[in-house]
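Asker: Before I ask anything, here is the structure I am working with.
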Amino acid sequence: MLSDDELTRKLRDNDPNPAPTTTDPQSPIADRILATVRQRTRRRRRRAMVLAPAVALVVAGATAGTYAWVAGDGKGHTLDSTGLTCVGSKNADAVIDFDPVSDDPVKACRGMWKDAFGTPAPDTLTACVDSSRQGSIQVYPGGREVCARHHADPYRGPTREQLNLAHFRAELRTKFAKRTCVSYPEFRKVTNKLLAEYDLTKWSTGHFQTADKEPEGACAEIVYYDEPARKIWLGDANAGDPINLP
């Protein structure tokens with residue numbers, strides 16, 4: 001598994017759009033991918049962790065001082081259906097895995113609230129979709145009005161495509177259970193077959209590389225699901241280690 005420094009270098013140098021021009025490593029796309037993959041990497045190391053929340057605002061309208069935001073897809077759906085954040089306070093957030101098929105965001109946070117924050121869960125919790133580039137699910141204490149205070153929208157549940165993706169992810173984990181090395185050709189073959197079975201034909205796989213364009217290694221694993229781009233990014237896995245299948 002890549003270290004934080006190695007992961008940062010790969011993501012900063014990587015071009016997620018196979019166009020003739022090079023992606024600016026400081027661009028919003030690079031920032032979004034970097035932030036989300038680093039969140040995934042940290043989640044593998046520890047199920048709940050303290051994070052500092054960040055909100056990206058979009059200035060709208062001609063009147064100075066008027067703000068608006070776009071949360072997720074703008075319709076109450078997250079851009080990242082594989083995880084969520086339970087917001088305990090301004091300085092304590094718990095990032096946990098999420099399965100949109102079987103999990104409810106509020107119940108998931110309520111179930112781990114005391115262990116993560118040391119106090120019983122509030123009587124009312126609300127799931128919102130934030131306006132960060134990740135468009136993540138955030139669960140806050142309070143009613144639906146709390147979403148607007150955080151420049152977010154109430155979470156309306158998964159899309160059909162996100163449910164299909166969740167079933168795909170579960171099937172992929174079953175296919176590669178107990179495997180410690182899967183070659184890139186085999187990984188792509190199985191992945192493409194399952195994408196077709198779960199009506200995810202607009203999805204494709206890509207290989208993380210630095211600007212040096214290193215060849216693929218002997219073993220592959222999933223680094224990150226980029227839902228807006230419908231891309232599954234693969235990276236080199238260490239032979240003998242459990243394969244990362246988020």
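Every chain in the structure tokens takes a letter, A first, then B, and so on in the order presented; its residues are numbered from 1, and the ligands are numbered from 1 following the presented order.
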Residues of range 122-152 of chain A that approach range 69-88 of chain A to 8 Å or less, counting only C-alpha atoms: could you list each one with the shortest pair of atoms and its distance in Å to one decimal, rows by chain and increasing residue number, as a tab-separated table?

Answerer:
residue	atom	partner	partner_atom	distance
A:Cys128	CA	A:Gly76	CA	7.9
A:Val129	CA	A:Ala71	CA	5.7
A:Asp130	CA	A:Ala71	CA	5.1
A:Ser131	CA	A:Ala71	CA	4.0
A:Ser132	CA	A:Ala71	CA	7.3
A:Gln134	CA	A:Leu79	CA	6.2
A:Gly135	CA	A:Gly72	CA	4.1
A:Ser136	CA	A:Thr78	CA	5.5
A:Ile137	CA	A:Leu84	CA	4.9
A:Gln138	CA	A:Thr85	CA	4.8
A:Val139	CA	A:Cys86	CA	4.8
A:Tyr140	CA	A:Val87	CA	5.3
A:Pro141	CA	A:Gly88	CA	7.5
A:His151	CA	A:Trp69	CA	6.4
A:Ala152	CA	A:Ala71	CA	5.6

Asker: With N, CA and C atoms retained, write the just-selected residues as a PDB file, in the first residue's frame.

Answerer:
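Output contents, as saved in part13.pdb:
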ATOM      1  N   CYS A 128     -26.860  15.194   5.429  1.00  0.00           N
ATOM      2  CA  CYS A 128     -26.820  16.235   4.411  1.00  0.00           C
ATOM      3  C   CYS A 128     -25.770  15.876   3.354  1.00  0.00           C
ATOM      4  N   VAL A 129     -25.888  16.489   2.198  1.00  0.00           N
ATOM      5  CA  VAL A 129     -24.861  16.389   1.157  1.00  0.00           C
ATOM      6  C   VAL A 129     -24.138  17.720   1.119  1.00  0.00           C
ATOM      7  N   ASP A 130     -22.827  17.696   1.355  1.00  0.00           N
ATOM      8  CA  ASP A 130     -22.112  18.962   1.468  1.00  0.00           C
ATOM      9  C   ASP A 130     -21.736  19.519   0.098  1.00  0.00           C
ATOM     10  N   SER A 131     -21.244  20.766   0.114  1.00  0.00           N
ATOM     11  CA  SER A 131     -20.917  21.455  -1.130  1.00  0.00           C
ATOM     12  C   SER A 131     -19.416  21.457  -1.400  1.00  0.00           C
ATOM     13  N   SER A 132     -18.694  20.521  -0.810  1.00  0.00           N
ATOM     14  CA  SER A 132     -17.283  20.370  -1.140  1.00  0.00           C
ATOM     15  C   SER A 132     -17.159  19.720  -2.512  1.00  0.00           C
ATOM     16  N   GLN A 134     -15.966  16.946  -3.082  1.00  0.00           N
ATOM     17  CA  GLN A 134     -16.303  15.524  -2.949  1.00  0.00           C
ATOM     18  C   GLN A 134     -17.800  15.280  -2.917  1.00  0.00           C
ATOM     19  N   GLY A 135     -18.599  16.305  -2.585  1.00  0.00           N
ATOM     20  CA  GLY A 135     -20.041  16.121  -2.477  1.00  0.00           C
ATOM     21  C   GLY A 135     -20.394  15.018  -1.515  1.00  0.00           C
ATOM     22  N   SER A 136     -19.788  15.041  -0.322  1.00  0.00           N
ATOM     23  CA  SER A 136     -19.889  13.932   0.619  1.00  0.00           C
ATOM     24  C   SER A 136     -21.159  13.976   1.466  1.00  0.00           C
ATOM     25  N   ILE A 137     -21.512  12.825   2.051  1.00  0.00           N
ATOM     26  CA  ILE A 137     -22.595  12.751   3.023  1.00  0.00           C
ATOM     27  C   ILE A 137     -22.035  13.159   4.382  1.00  0.00           C
ATOM     28  N   GLN A 138     -22.675  14.140   5.014  1.00  0.00           N
ATOM     29  CA  GLN A 138     -22.293  14.606   6.343  1.00  0.00           C
ATOM     30  C   GLN A 138     -23.511  14.470   7.255  1.00  0.00           C
ATOM     31  N   VAL A 139     -23.334  13.844   8.412  1.00  0.00           N
ATOM     32  CA  VAL A 139     -24.435  13.696   9.368  1.00  0.00           C
ATOM     33  C   VAL A 139     -24.188  14.652  10.528  1.00  0.00           C
ATOM     34  N   TYR A 140     -25.138  15.604  10.727  1.00  0.00           N
ATOM     35  CA  TYR A 140     -25.000  16.642  11.747  1.00  0.00           C
ATOM     36  C   TYR A 140     -26.046  16.471  12.845  1.00  0.00           C
ATOM     37  N   PRO A 141     -25.751  16.921  14.063  1.00  0.00           N
ATOM     38  CA  PRO A 141     -26.797  17.041  15.087  1.00  0.00           C
ATOM     39  C   PRO A 141     -27.801  18.109  14.669  1.00  0.00           C
ATOM     40  N   HIS A 151     -24.130  25.019   4.455  1.00  0.00           N
ATOM     41  CA  HIS A 151     -24.080  25.119   2.999  1.00  0.00           C
ATOM     42  C   HIS A 151     -24.201  23.738   2.362  1.00  0.00           C
ATOM     43  N   ALA A 152     -25.190  23.009   2.809  1.00  0.00           N
ATOM     44  CA  ALA A 152     -25.441  21.655   2.337  1.00  0.00           C
ATOM     45  C   ALA A 152     -26.932  21.490   2.067  1.00  0.00           C
TER      46      ALA A 152
END

Asker: Leu245 in chain A: which residues within 10 Å, counting only C-alpha atoms, same-chain residues fewer than 3 positions away excluded, as a ChimeraX atom specification?

Answerer: /A:169-170,172-174,176-177,221-224,242

Asker: How about saving the chosen residues, N, CA, C and O atoms kept, as a PDB file, in the first residue's frame?

Answerer:
ATOM      1  N   ARG A 169     -19.621  -3.525  -6.220  1.00  0.00           N
ATOM      2  CA  ARG A 169     -18.509  -3.559  -5.270  1.00  0.00           C
ATOM      3  C   ARG A 169     -18.571  -4.825  -4.409  1.00  0.00           C
ATOM      4  O   ARG A 169     -17.541  -5.471  -4.151  1.00  0.00           O
ATOM      5  N   ALA A 170     -19.786  -5.177  -3.959  1.00  0.00           N
ATOM      6  CA  ALA A 170     -19.944  -6.375  -3.129  1.00  0.00           C
ATOM      7  C   ALA A 170     -19.587  -7.634  -3.922  1.00  0.00           C
ATOM      8  O   ALA A 170     -18.921  -8.546  -3.402  1.00  0.00           O
ATOM      9  N   LEU A 172     -17.567  -7.807  -6.501  1.00  0.00           N
ATOM     10  CA  LEU A 172     -16.131  -7.815  -6.764  1.00  0.00           C
ATOM     11  C   LEU A 172     -15.356  -8.315  -5.542  1.00  0.00           C
ATOM     12  O   LEU A 172     -14.393  -9.082  -5.670  1.00  0.00           O
ATOM     13  N   ARG A 173     -15.798  -7.912  -4.353  1.00  0.00           N
ATOM     14  CA  ARG A 173     -15.137  -8.391  -3.133  1.00  0.00           C
ATOM     15  C   ARG A 173     -15.298  -9.906  -2.995  1.00  0.00           C
ATOM     16  O   ARG A 173     -14.387 -10.602  -2.538  1.00  0.00           O
ATOM     17  N   THR A 174     -16.462 -10.420  -3.390  1.00  0.00           N
ATOM     18  CA  THR A 174     -16.685 -11.866  -3.339  1.00  0.00           C
ATOM     19  C   THR A 174     -15.780 -12.598  -4.335  1.00  0.00           C
ATOM     20  O   THR A 174     -15.203 -13.642  -4.016  1.00  0.00           O
ATOM     21  N   PHE A 176     -12.875 -11.771  -5.469  1.00  0.00           N
ATOM     22  CA  PHE A 176     -11.462 -11.751  -5.122  1.00  0.00           C
ATOM     23  C   PHE A 176     -11.215 -12.009  -3.639  1.00  0.00           C
ATOM     24  O   PHE A 176     -10.153 -11.674  -3.115  1.00  0.00           O
ATOM     25  N   ALA A 177     -12.180 -12.610  -2.963  1.00  0.00           N
ATOM     26  CA  ALA A 177     -12.017 -12.907  -1.539  1.00  0.00           C
ATOM     27  C   ALA A 177     -10.803 -13.799  -1.313  1.00  0.00           C
ATOM     28  O   ALA A 177     -10.580 -14.780  -2.030  1.00  0.00           O
ATOM     29  N   GLU A 221      -5.004  -3.374  -7.443  1.00  0.00           N
ATOM     30  CA  GLU A 221      -6.074  -3.176  -6.469  1.00  0.00           C
ATOM     31  C   GLU A 221      -6.783  -1.876  -6.796  1.00  0.00           C
ATOM     32  O   GLU A 221      -6.305  -1.069  -7.607  1.00  0.00           O
ATOM     33  N   ILE A 222      -7.943  -1.652  -6.185  1.00  0.00           N
ATOM     34  CA  ILE A 222      -8.695  -0.427  -6.436  1.00  0.00           C
ATOM     35  C   ILE A 222      -8.210   0.665  -5.496  1.00  0.00           C
ATOM     36  O   ILE A 222      -8.135   0.472  -4.283  1.00  0.00           O
ATOM     37  N   VAL A 223      -7.876   1.809  -6.076  1.00  0.00           N
ATOM     38  CA  VAL A 223      -7.450   2.956  -5.296  1.00  0.00           C
ATOM     39  C   VAL A 223      -8.633   3.850  -4.971  1.00  0.00           C
ATOM     40  O   VAL A 223      -8.765   4.343  -3.854  1.00  0.00           O
ATOM     41  N   TYR A 224      -9.534   4.031  -5.956  1.00  0.00           N
ATOM     42  CA  TYR A 224     -10.553   5.068  -5.794  1.00  0.00           C
ATOM     43  C   TYR A 224     -11.650   4.901  -6.840  1.00  0.00           C
ATOM     44  O   TYR A 224     -11.370   4.624  -8.005  1.00  0.00           O
ATOM     45  N   PRO A 242      -3.483  -8.105   1.687  1.00  0.00           N
ATOM     46  CA  PRO A 242      -4.881  -8.090   1.267  1.00  0.00           C
ATOM     47  C   PRO A 242      -5.117  -7.038   0.182  1.00  0.00           C
ATOM     48  O   PRO A 242      -4.564  -5.940   0.244  1.00  0.00           O
TER      49      PRO A 242
END

Asker: Restricting the calculation to only C-alpha atoms: of A:Asp236, A:Asp241, A:Glu197, A:Asp212, which residue gets closest to Lys178 in chain A?

Answerer: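 Answer, going by the shortest atom-to-atom distance: A:Asp241.
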
Asker: Using only C-alpha atoms, which of the listed residues (A:Ser89, A:Thr180, A:Leu195, A:His207) sits closest to Ala166 in chain A?

Answerer: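 Smallest separation from Ala166 in chain A among the options: A:Leu195.
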
Asker: Quick one, how far is CA of Asp123 in chain A from CA of Cys147 in chain A?

Answerer: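 Between CA of Asp123 in chain A and CA of Cys147 in chain A the gap works out to 16.4 Å.
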
Asker: Determine, counting only C-alpha atoms, which protein, DNA and RNA residues have an atom within 8 Å of an atom of Val182 in chain A; residues of the same chain fewer than 4 positions away are not included. Present the result as a list in words.

Answerer: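 Returned residues: Phe176, Glu186, Phe187, Ala218, Cys219, Ala220 and Glu221 of chain A.
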
Asker: Please, could you write that set of residues out with N, CA, C and O atoms as a PDB file, in the first residue's frame?

Answerer:
ATOM      1  N   PHE A 176     -12.875 -11.771  -5.469  1.00  0.00           N
ATOM      2  CA  PHE A 176     -11.462 -11.751  -5.122  1.00  0.00           C
ATOM      3  C   PHE A 176     -11.215 -12.009  -3.639  1.00  0.00           C
ATOM      4  O   PHE A 176     -10.153 -11.674  -3.115  1.00  0.00           O
ATOM      5  N   GLU A 186      -6.442  -9.726 -15.442  1.00  0.00           N
ATOM      6  CA  GLU A 186      -7.544 -10.451 -14.796  1.00  0.00           C
ATOM      7  C   GLU A 186      -8.484  -9.482 -14.094  1.00  0.00           C
ATOM      8  O   GLU A 186      -9.714  -9.639 -14.157  1.00  0.00           O
ATOM      9  N   PHE A 187      -7.919  -8.469 -13.432  1.00  0.00           N
ATOM     10  CA  PHE A 187      -8.749  -7.494 -12.725  1.00  0.00           C
ATOM     11  C   PHE A 187      -9.689  -6.796 -13.706  1.00  0.00           C
ATOM     12  O   PHE A 187     -10.882  -6.651 -13.447  1.00  0.00           O
ATOM     13  N   ALA A 218       2.795  -6.146 -10.969  1.00  0.00           N
ATOM     14  CA  ALA A 218       2.312  -7.524 -11.066  1.00  0.00           C
ATOM     15  C   ALA A 218       0.912  -7.688 -10.502  1.00  0.00           C
ATOM     16  O   ALA A 218       0.132  -8.521 -10.978  1.00  0.00           O
ATOM     17  N   CYS A 219       0.568  -6.892  -9.482  1.00  0.00           N
ATOM     18  CA  CYS A 219      -0.715  -7.040  -8.797  1.00  0.00           C
ATOM     19  C   CYS A 219      -1.470  -5.711  -8.815  1.00  0.00           C
ATOM     20  O   CYS A 219      -0.865  -4.637  -8.684  1.00  0.00           O
ATOM     21  N   ALA A 220      -2.784  -5.790  -8.927  1.00  0.00           N
ATOM     22  CA  ALA A 220      -3.613  -4.590  -8.980  1.00  0.00           C
ATOM     23  C   ALA A 220      -4.591  -4.568  -7.816  1.00  0.00           C
ATOM     24  O   ALA A 220      -4.945  -5.601  -7.248  1.00  0.00           O
ATOM     25  N   GLU A 221      -5.004  -3.374  -7.443  1.00  0.00           N
ATOM     26  CA  GLU A 221      -6.074  -3.176  -6.469  1.00  0.00           C
ATOM     27  C   GLU A 221      -6.783  -1.876  -6.796  1.00  0.00           C
ATOM     28  O   GLU A 221      -6.305  -1.069  -7.607  1.00  0.00           O
TER      29      GLU A 221
END

Asker: Taking the DSSP assignment computed from this structure's backbone, write out as an NGL selection string all residues of range 81-137 of chain A that belong to alpha helix (DSSP H).

Answerer: :A and (105-117)
